[in-house]
Amino acid sequence: MRINEHFAKLPAGYLFPEIGRRVRAYQAAHPDAKVIRLGIGDVTEPLAPAITEAMHAAVDEMSKRETFRGYGPEQGYDFLVEAIRAHDYAARGVEIAADEIFVSDGSKCDSGNVQELFALGAKVAVTDPVYPVYVDSNVMAGRTPAAGADGRYPGFVYLVGSEANGFQPEPPAEPVDVVYLCSPNNPTGTIMTRAQLERWVAWARETDALIIFDAAYESYIADPAVPHSIFEIPGARDHAIELRSFSKRAGFTGVRCAFMVVPKTVMGVDPSGKRVALNALWSRRHSTKFNGASYIVQRGAAAAYSPAGLAQTTAQIAFYMENARFLREGLAAAGFTVFGGVHAPYLWLRTTGGMGSWDFFDRLLDRARVVGTPGAGFGPAGEGYFRLSAFNSRANVDEAIERIRAAFA
């Protein structure tokens with residue numbers, strides 16, 4: 001049996017399993033050590049009461065013949081789609097049609113699967129540092145040769161985010177077909193302003209490119225002047241699709257629910273030069289390979305938009321962002337250079353003394369018993385940086401700050 005040879009181009013292990021392997025090895029050698037995990041961006045607060053109540057009620061429905069539901073609509077139940085339209089878009093002056101919303105089981109899945117719409121020869125641009133799935137899924141599809149000595153794949157256009165540009169690079173000078181953007185950004189925790197988004201949309205219109213806009217962390221934006229959706233920018237409906245998730249906004253990392261917005265006005269070009277709507281292509285792909293998110297899960301997601309659900313999940317986000325503030329201020333006081341943590345639950349800090357990011361990881365684990373994420377795992381431009389997550393208890397955050405201070409005193 002022949003296998004997909006493009007998998008051999010990937011690093012030996014995905015970033016987060018490698019972190020897990022190192023932590024397990026450390027804990028096996030130090031069974032009494034209390035390790036504080038600020039690495040993988042996994043929520044720690046339980047589901048909001050309004051959500052669990054809705055899910056319990058949905059379970060009860062599923063237990064009775066007269067209210068049992070089997071396969072649901074692949075694109076999502078109307079009650080959730082309409083809640084999304086009203087709260088995420090209409091409330092911000094954006095009109096999105098019901099058949100432009102596709103409910104799924106996670107933005108990670110959507111960001112990896114959407115590349116199936118692109119030609120094998122499509123030119124893809126990514127920021128660096130970058131969420132690894134954007135790169136790895138395109139490598140798996142065969143859009144690039146093997147990575148070079150610098151860790152970059154020759155088939156991609158890399159847009160380097162640095163301290164000089166606030167980790168928000170400008171559009172590429174060379175032509176590309178697709179660009180992945182994430183704001184608030186994972187991993188750097190930085191954000192795109194309205195003016196920056198306007199430049200990207202203008203560039204996409206001029207070059208007939210597609211923007212894949214990952215807005216999984218939009219609910220963490222604190223400044224009312226900052227757009228939550230790329231569709232708040234005029235012209236974006238013709239050149240962008242948007243990913244949203246309930247994982248961080250409502251604690252659904254273990255429940256799984258998200259959605260993607262594909263406006264019917266976004267077009268691609270087939271081999272004959274004919275313009276083709278991406279909405280129709282994604283609808284075909286979605287209904288072929290996906291049977292819809294669970295009814296119980298979708299009821300829970302819809303409850304996140306109820307008055308009680310909004311109040312409860314907003315309070316959870318505020319709790320995480322207060323954690324982020326403590327981390328940002330505590331680490332800055334300890335002499336670290338820290339970015340992010342204002343509009344996102346991630347902090348991006350410069351390693352000390354030019355230390356490599358995996359060496360920094362090992363030292364933090366060994367001396368402070370704190371787990372973070374090495375910046376090199378997000379691309380070559382992430383080397384020399386480190387990501388910490390604000391998802392944890394207040395007591396653990398306070399203890400982690402003191403441990404880190406002591407480890408690098």
# chains A, B, ... in the order shown; residues from 1 in each chain; ligands from 1

call {"tool": "residues_around", "arguments": {"residues": "Glu100 in chain A", "least_positions_apart": "6", "cutoff": "10 Å", "atoms": "only C-alpha atoms", "output": "MDAnalysis selection string"}}
result
chainID A and resid 75 81 85 241 260:265 279:280 282:283

call {"tool": "write_last_selection", "arguments": {"atoms": "all heavy atoms", "output": "short mmCIF file (atom, residue, chain, number, x, y, z; two decimals), in the first residue's frame"}}
result
data_model
loop_
_atom_site.label_atom_id
_atom_site.label_comp_id
_atom_site.auth_asym_id
_atom_site.auth_seq_id
_atom_site.Cartn_x
_atom_site.Cartn_y
_atom_site.Cartn_z
N GLN A 75 -25.05 21.85 7.83
CA GLN A 75 -24.60 23.23 7.95
C GLN A 75 -24.88 23.82 9.32
O GLN A 75 -24.36 24.87 9.67
CB GLN A 75 -25.29 24.08 6.86
CG GLN A 75 -24.55 25.37 6.56
CD GLN A 75 -24.96 25.94 5.21
OE1 GLN A 75 -25.27 25.20 4.28
NE2 GLN A 75 -24.98 27.26 5.10
N VAL A 81 -27.56 28.87 14.02
CA VAL A 81 -27.18 29.75 12.91
C VAL A 81 -27.78 31.14 13.10
O VAL A 81 -27.11 32.16 12.91
CB VAL A 81 -27.59 29.14 11.57
CG1 VAL A 81 -27.42 30.15 10.43
CG2 VAL A 81 -26.78 27.88 11.28
N ARG A 85 -25.87 34.73 13.58
CA ARG A 85 -26.14 35.89 12.71
C ARG A 85 -26.46 37.13 13.53
O ARG A 85 -25.96 38.23 13.25
CB ARG A 85 -27.31 35.58 11.78
CG ARG A 85 -27.05 34.53 10.72
CD ARG A 85 -28.28 34.36 9.85
NE ARG A 85 -28.54 35.55 9.05
CZ ARG A 85 -29.74 35.86 8.55
NH1 ARG A 85 -30.80 35.10 8.79
NH2 ARG A 85 -29.87 36.95 7.81
N ILE A 241 -12.90 34.74 3.98
CA ILE A 241 -13.73 33.83 4.75
C ILE A 241 -13.25 33.91 6.19
O ILE A 241 -12.10 34.28 6.46
CB ILE A 241 -13.69 32.39 4.21
CG1 ILE A 241 -12.27 31.81 4.28
CG2 ILE A 241 -14.19 32.34 2.78
CD1 ILE A 241 -12.18 30.39 3.77
N MET A 260 -17.64 28.45 10.29
CA MET A 260 -16.91 29.21 9.29
C MET A 260 -17.92 29.98 8.44
O MET A 260 -18.97 29.45 8.09
CB MET A 260 -16.06 28.29 8.41
CG MET A 260 -15.15 29.06 7.45
SD MET A 260 -13.76 28.04 6.85
CE MET A 260 -14.60 26.88 5.80
N VAL A 261 -17.59 31.21 8.13
CA VAL A 261 -18.44 32.05 7.29
C VAL A 261 -17.80 32.15 5.91
O VAL A 261 -16.66 32.60 5.78
CB VAL A 261 -18.62 33.46 7.90
CG1 VAL A 261 -19.45 34.34 6.97
CG2 VAL A 261 -19.27 33.36 9.27
N VAL A 262 -18.55 31.72 4.90
CA VAL A 262 -18.08 31.76 3.52
C VAL A 262 -19.10 32.56 2.71
O VAL A 262 -20.12 32.02 2.26
CB VAL A 262 -17.91 30.35 2.92
CG1 VAL A 262 -17.27 30.43 1.54
CG2 VAL A 262 -17.10 29.45 3.84
N PRO A 263 -18.88 33.86 2.52
CA PRO A 263 -19.84 34.66 1.75
C PRO A 263 -20.00 34.13 0.33
O PRO A 263 -19.03 33.65 -0.28
CB PRO A 263 -19.21 36.06 1.77
CG PRO A 263 -18.33 36.07 2.97
CD PRO A 263 -17.79 34.68 3.06
N LYS A 264 -21.20 34.26 -0.20
CA LYS A 264 -21.46 33.77 -1.55
C LYS A 264 -20.78 34.62 -2.62
O LYS A 264 -20.71 34.23 -3.78
CB LYS A 264 -22.97 33.71 -1.80
CG LYS A 264 -23.67 32.64 -0.96
CD LYS A 264 -25.11 32.43 -1.38
CE LYS A 264 -26.02 33.55 -0.96
NZ LYS A 264 -26.26 33.56 0.50
N THR A 265 -20.26 35.77 -2.22
CA THR A 265 -19.59 36.67 -3.17
C THR A 265 -18.10 36.39 -3.31
O THR A 265 -17.42 37.02 -4.13
CB THR A 265 -19.79 38.13 -2.73
OG1 THR A 265 -19.49 38.24 -1.34
CG2 THR A 265 -21.24 38.57 -2.96
N ASN A 279 -18.45 29.43 -1.69
CA ASN A 279 -19.54 28.98 -0.84
C ASN A 279 -20.11 27.65 -1.33
O ASN A 279 -20.33 26.72 -0.55
CB ASN A 279 -20.63 30.05 -0.78
CG ASN A 279 -21.81 29.65 0.08
OD1 ASN A 279 -22.68 28.88 -0.34
ND2 ASN A 279 -21.86 30.16 1.30
N ALA A 280 -20.34 27.55 -2.66
CA ALA A 280 -20.89 26.32 -3.22
C ALA A 280 -19.89 25.17 -3.09
O ALA A 280 -20.28 24.03 -2.79
CB ALA A 280 -21.25 26.54 -4.68
N TRP A 282 -17.48 24.87 -0.76
CA TRP A 282 -17.37 24.45 0.63
C TRP A 282 -18.64 23.71 1.08
O TRP A 282 -18.56 22.74 1.84
CB TRP A 282 -17.11 25.63 1.56
CG TRP A 282 -16.91 25.19 2.97
CD1 TRP A 282 -17.74 25.36 4.03
CD2 TRP A 282 -15.80 24.44 3.48
NE1 TRP A 282 -17.24 24.79 5.16
CE2 TRP A 282 -16.03 24.21 4.85
CE3 TRP A 282 -14.62 23.94 2.91
CZ2 TRP A 282 -15.14 23.50 5.65
CZ3 TRP A 282 -13.74 23.23 3.71
CH2 TRP A 282 -14.00 23.03 5.07
N SER A 283 -19.80 24.13 0.60
CA SER A 283 -21.04 23.44 0.93
C SER A 283 -20.98 21.99 0.45
O SER A 283 -21.39 21.07 1.17
CB SER A 283 -22.23 24.16 0.29
OG SER A 283 -23.43 23.49 0.60
#

call {"tool": "residues_around", "arguments": {"residues": "Leu243 in chain A", "least_positions_apart": "6", "cutoff": "7 Å", "atoms": "only C-alpha atoms", "output": "PDB file with all heavy atoms, in the first residue's frame"}}
result
ATOM      1  N   SER A 107     -12.500  24.953  14.950  1.00  0.00           N
ATOM      2  CA  SER A 107     -11.769  25.798  14.004  1.00  0.00           C
ATOM      3  C   SER A 107     -10.462  25.162  13.564  1.00  0.00           C
ATOM      4  O   SER A 107      -9.975  25.436  12.465  1.00  0.00           O
ATOM      5  CB  SER A 107     -11.487  27.174  14.634  1.00  0.00           C
ATOM      6  OG  SER A 107     -12.641  27.974  14.606  1.00  0.00           O
ATOM      7  N   PHE A 213      -9.412  34.375   7.494  1.00  0.00           N
ATOM      8  CA  PHE A 213      -9.283  35.178   8.712  1.00  0.00           C
ATOM      9  C   PHE A 213      -9.738  34.359   9.915  1.00  0.00           C
ATOM     10  O   PHE A 213     -10.917  34.042  10.059  1.00  0.00           O
ATOM     11  CB  PHE A 213     -10.107  36.461   8.595  1.00  0.00           C
ATOM     12  CG  PHE A 213      -9.854  37.447   9.704  1.00  0.00           C
ATOM     13  CD1 PHE A 213      -8.650  38.123   9.768  1.00  0.00           C
ATOM     14  CD2 PHE A 213     -10.811  37.690  10.682  1.00  0.00           C
ATOM     15  CE1 PHE A 213      -8.404  39.033  10.783  1.00  0.00           C
ATOM     16  CE2 PHE A 213     -10.581  38.595  11.699  1.00  0.00           C
ATOM     17  CZ  PHE A 213      -9.366  39.267  11.750  1.00  0.00           C
ATOM     18  N   ASP A 214      -8.795  34.012  10.765  1.00  0.00           N
ATOM     19  CA  ASP A 214      -9.059  33.216  11.958  1.00  0.00           C
ATOM     20  C   ASP A 214      -9.334  34.170  13.122  1.00  0.00           C
ATOM     21  O   ASP A 214      -8.426  34.818  13.635  1.00  0.00           O
ATOM     22  CB  ASP A 214      -7.854  32.320  12.252  1.00  0.00           C
ATOM     23  CG  ASP A 214      -8.110  31.328  13.374  1.00  0.00           C
ATOM     24  OD1 ASP A 214      -9.091  31.504  14.119  1.00  0.00           O
ATOM     25  OD2 ASP A 214      -7.323  30.369  13.496  1.00  0.00           O
ATOM     26  N   ALA A 215     -10.612  34.234  13.520  1.00  0.00           N
ATOM     27  CA  ALA A 215     -11.034  35.128  14.600  1.00  0.00           C
ATOM     28  C   ALA A 215     -11.457  34.336  15.836  1.00  0.00           C
ATOM     29  O   ALA A 215     -12.387  34.717  16.546  1.00  0.00           O
ATOM     30  CB  ALA A 215     -12.175  36.024  14.121  1.00  0.00           C
ATOM     31  N   ALA A 216     -10.759  33.240  16.098  1.00  0.00           N
ATOM     32  CA  ALA A 216     -11.140  32.360  17.209  1.00  0.00           C
ATOM     33  C   ALA A 216     -11.100  33.068  18.559  1.00  0.00           C
ATOM     34  O   ALA A 216     -11.796  32.664  19.492  1.00  0.00           O
ATOM     35  CB  ALA A 216     -10.227  31.136  17.230  1.00  0.00           C
ATOM     36  N   PHE A 259     -17.604  27.516  13.759  1.00  0.00           N
ATOM     37  CA  PHE A 259     -18.272  27.760  12.481  1.00  0.00           C
ATOM     38  C   PHE A 259     -17.360  28.555  11.566  1.00  0.00           C
ATOM     39  O   PHE A 259     -16.414  29.219  12.023  1.00  0.00           O
ATOM     40  CB  PHE A 259     -19.616  28.470  12.657  1.00  0.00           C
ATOM     41  CG  PHE A 259     -19.548  29.844  13.296  1.00  0.00           C
ATOM     42  CD1 PHE A 259     -19.440  30.992  12.528  1.00  0.00           C
ATOM     43  CD2 PHE A 259     -19.619  29.976  14.674  1.00  0.00           C
ATOM     44  CE1 PHE A 259     -19.403  32.246  13.119  1.00  0.00           C
ATOM     45  CE2 PHE A 259     -19.577  31.230  15.278  1.00  0.00           C
ATOM     46  CZ  PHE A 259     -19.469  32.368  14.495  1.00  0.00           C
ATOM     47  N   MET A 260     -17.636  28.453  10.291  1.00  0.00           N
ATOM     48  CA  MET A 260     -16.912  29.215   9.286  1.00  0.00           C
ATOM     49  C   MET A 260     -17.919  29.977   8.442  1.00  0.00           C
ATOM     50  O   MET A 260     -18.975  29.446   8.092  1.00  0.00           O
ATOM     51  CB  MET A 260     -16.062  28.292   8.408  1.00  0.00           C
ATOM     52  CG  MET A 260     -15.145  29.056   7.447  1.00  0.00           C
ATOM     53  SD  MET A 260     -13.758  28.044   6.851  1.00  0.00           S
ATOM     54  CE  MET A 260     -14.601  26.879   5.799  1.00  0.00           C
ATOM     55  N   VAL A 261     -17.590  31.213   8.131  1.00  0.00           N
ATOM     56  CA  VAL A 261     -18.440  32.052   7.292  1.00  0.00           C
ATOM     57  C   VAL A 261     -17.801  32.149   5.910  1.00  0.00           C
ATOM     58  O   VAL A 261     -16.657  32.598   5.779  1.00  0.00           O
ATOM     59  CB  VAL A 261     -18.616  33.458   7.897  1.00  0.00           C
ATOM     60  CG1 VAL A 261     -19.450  34.338   6.971  1.00  0.00           C
ATOM     61  CG2 VAL A 261     -19.273  33.363   9.273  1.00  0.00           C
TER      62      VAL A 261
END

call {"tool": "closest_atom_pairs", "arguments": {"of": "range 23-45 of chain A", "to": "range 367-377 of chain A", "cutoff": "9 Å", "atoms": "only C-alpha atoms", "output": "JSON lines"}}
result
{"residue": "A:Val23", "atom": "CA", "partner": "A:Val371", "partner_atom": "CA", "distance": 7.7}
{"residue": "A:Ala33", "atom": "CA", "partner": "A:Arg369", "partner_atom": "CA", "distance": 7.3}
{"residue": "A:Lys34", "atom": "CA", "partner": "A:Arg369", "partner_atom": "CA", "distance": 6.8}
{"residue": "A:Val35", "atom": "CA", "partner": "A:Arg369", "partner_atom": "CA", "distance": 4.9}
{"residue": "A:Ile36", "atom": "CA", "partner": "A:Val370", "partner_atom": "CA", "distance": 4.8}
{"residue": "A:Arg37", "atom": "CA", "partner": "A:Val371", "partner_atom": "CA", "distance": 4.7}
{"residue": "A:Leu38", "atom": "CA", "partner": "A:Gly372", "partner_atom": "CA", "distance": 5.1}
{"residue": "A:Gly39", "atom": "CA", "partner": "A:Gly372", "partner_atom": "CA", "distance": 3.8}
{"residue": "A:Ile40", "atom": "CA", "partner": "A:Thr373", "partner_atom": "CA", "distance": 7.1}

call {"tool": "residues_around", "arguments": {"residues": "range 298-307 of chain A", "least_positions_apart": "6", "cutoff": "10 Å", "atoms": "only C-alpha atoms", "output": "number ranges by chain"}}
result
A: 47-59, 76-84, 86-88, 103-105, 245-247, 249-252, 255-258, 292, 313-314

call {"tool": "residues_around", "arguments": {"residues": "Ala315 in chain A", "least_positions_apart": "2", "cutoff": "12 Å", "atoms": "only C-alpha atoms", "output": "PyMOL selection string"}}
result
chain A and resi 45+47-48+219-220+249-251+308-313+317-322

call {"tool": "closest_atom_pairs", "arguments": {"of": "range 155-268 of chain A", "to": "range 331-354 of chain A", "cutoff": "10 Å", "atoms": "only C-alpha atoms", "output": "JSON lines"}}
result
{"residue": "A:Glu163", "atom": "CA", "partner": "A:Phe339", "partner_atom": "CA", "distance": 8.9}
{"residue": "A:Gly166", "atom": "CA", "partner": "A:Phe339", "partner_atom": "CA", "distance": 8.7}
{"residue": "A:Phe167", "atom": "CA", "partner": "A:Phe339", "partner_atom": "CA", "distance": 9.3}
{"residue": "A:Ser183", "atom": "CA", "partner": "A:Ala344", "partner_atom": "CA", "distance": 8.9}
{"residue": "A:Pro184", "atom": "CA", "partner": "A:Ala344", "partner_atom": "CA", "distance": 5.9}
{"residue": "A:Asn185", "atom": "CA", "partner": "A:Ala344", "partner_atom": "CA", "distance": 7.4}
{"residue": "A:Asn186", "atom": "CA", "partner": "A:Tyr346", "partner_atom": "CA", "distance": 7.3}
{"residue": "A:Pro187", "atom": "CA", "partner": "A:Tyr346", "partner_atom": "CA", "distance": 6.7}
{"residue": "A:Thr188", "atom": "CA", "partner": "A:Trp348", "partner_atom": "CA", "distance": 5.0}
{"residue": "A:Gly189", "atom": "CA", "partner": "A:Gly340", "partner_atom": "CA", "distance": 4.0}
{"residue": "A:Thr190", "atom": "CA", "partner": "A:Gly340", "partner_atom": "CA", "distance": 4.9}
{"residue": "A:Ile191", "atom": "CA", "partner": "A:His343", "partner_atom": "CA", "distance": 7.0}
{"residue": "A:Tyr217", "atom": "CA", "partner": "A:Ala344", "partner_atom": "CA", "distance": 6.6}
{"residue": "A:Glu218", "atom": "CA", "partner": "A:Ala344", "partner_atom": "CA", "distance": 8.2}
{"residue": "A:Ser219", "atom": "CA", "partner": "A:Ala344", "partner_atom": "CA", "distance": 8.7}
{"residue": "A:Tyr220", "atom": "CA", "partner": "A:His343", "partner_atom": "CA", "distance": 5.3}
{"residue": "A:Ile221", "atom": "CA", "partner": "A:His343", "partner_atom": "CA", "distance": 4.4}
{"residue": "A:Ala222", "atom": "CA", "partner": "A:His343", "partner_atom": "CA", "distance": 5.6}
{"residue": "A:Asp223", "atom": "CA", "partner": "A:His343", "partner_atom": "CA", "distance": 7.7}
{"residue": "A:Val226", "atom": "CA", "partner": "A:His343", "partner_atom": "CA", "distance": 9.7}
{"residue": "A:Lys248", "atom": "CA", "partner": "A:Pro345", "partner_atom": "CA", "distance": 9.1}

call {"tool": "residues_around", "arguments": {"residues": "Thr44 in chain A", "least_positions_apart": "3", "cutoff": "9 Å", "atoms": "only C-alpha atoms", "output": "list of chain:residue names"}}
result
A:Gly251, A:Phe391, A:Asn392, A:Ser393

call {"tool": "write_last_selection", "arguments": {"atoms": "N, CA and C atoms", "output": "PDB file, in the first residue's frame"}}
result
ATOM      1  N   GLY A 251     -15.603  27.971  26.472  1.00  0.00           N
ATOM      2  CA  GLY A 251     -15.041  26.817  27.155  1.00  0.00           C
ATOM      3  C   GLY A 251     -15.302  25.487  26.487  1.00  0.00           C
ATOM      4  N   PHE A 391      -4.766  30.599  30.727  1.00  0.00           N
ATOM      5  CA  PHE A 391      -5.805  29.654  31.125  1.00  0.00           C
ATOM      6  C   PHE A 391      -5.322  28.828  32.319  1.00  0.00           C
ATOM      7  N   ASN A 392      -5.740  29.228  33.515  1.00  0.00           N
ATOM      8  CA  ASN A 392      -5.436  28.466  34.724  1.00  0.00           C
ATOM      9  C   ASN A 392      -6.124  29.147  35.896  1.00  0.00           C
ATOM     10  N   SER A 393      -5.965  28.573  37.069  1.00  0.00           N
ATOM     11  CA  SER A 393      -6.531  29.183  38.267  1.00  0.00           C
ATOM     12  C   SER A 393      -5.695  30.397  38.667  1.00  0.00           C
TER      13      SER A 393
END

call {"tool": "select_by_dssp", "arguments": {"residues": "range 163-289 of chain A", "states": "strand (DSSP E or B)", "output": "MDAnalysis selection string"}}
result
chainID A and resid 178:182 210:214 240:245 258:261 267:269 275:277

call {"tool": "write_last_selection", "arguments": {"atoms": "C-alpha atoms", "output": "CSV table (one decimal), in the first residue's frame"}}
result
chain,number,residue,atom,x,y,z
A,178,VAL,CA,-4.3,32.7,-0.3
A,179,VAL,CA,-3.1,34.2,3.0
A,180,TYR,CA,-3.9,33.0,6.5
A,181,LEU,CA,-4.3,35.8,9.1
A,182,CYS,CA,-5.2,35.4,12.8
A,210,LEU,CA,-8.3,35.2,-0.6
A,211,ILE,CA,-7.9,36.0,3.1
A,212,ILE,CA,-8.6,33.2,5.5
A,213,PHE,CA,-9.3,35.2,8.7
A,214,ASP,CA,-9.1,33.2,12.0
A,240,ALA,CA,-12.4,36.8,2.8
A,241,ILE,CA,-13.7,33.8,4.7
A,242,GLU,CA,-13.8,33.8,8.6
A,243,LEU,CA,-13.3,31.1,11.2
A,244,ARG,CA,-14.9,31.4,14.6
A,245,SER,CA,-14.8,29.0,17.6
A,258,ALA,CA,-17.2,26.2,15.7
A,259,PHE,CA,-18.3,27.8,12.5
A,260,MET,CA,-16.9,29.2,9.3
A,261,VAL,CA,-18.4,32.1,7.3
A,267,MET,CA,-14.9,33.7,-5.9
A,268,GLY,CA,-12.1,31.5,-7.1
A,269,VAL,CA,-11.0,30.7,-10.7
A,275,ARG,CA,-15.3,32.3,-11.7
A,276,VAL,CA,-16.6,29.8,-9.1
A,277,ALA,CA,-18.3,30.6,-5.7
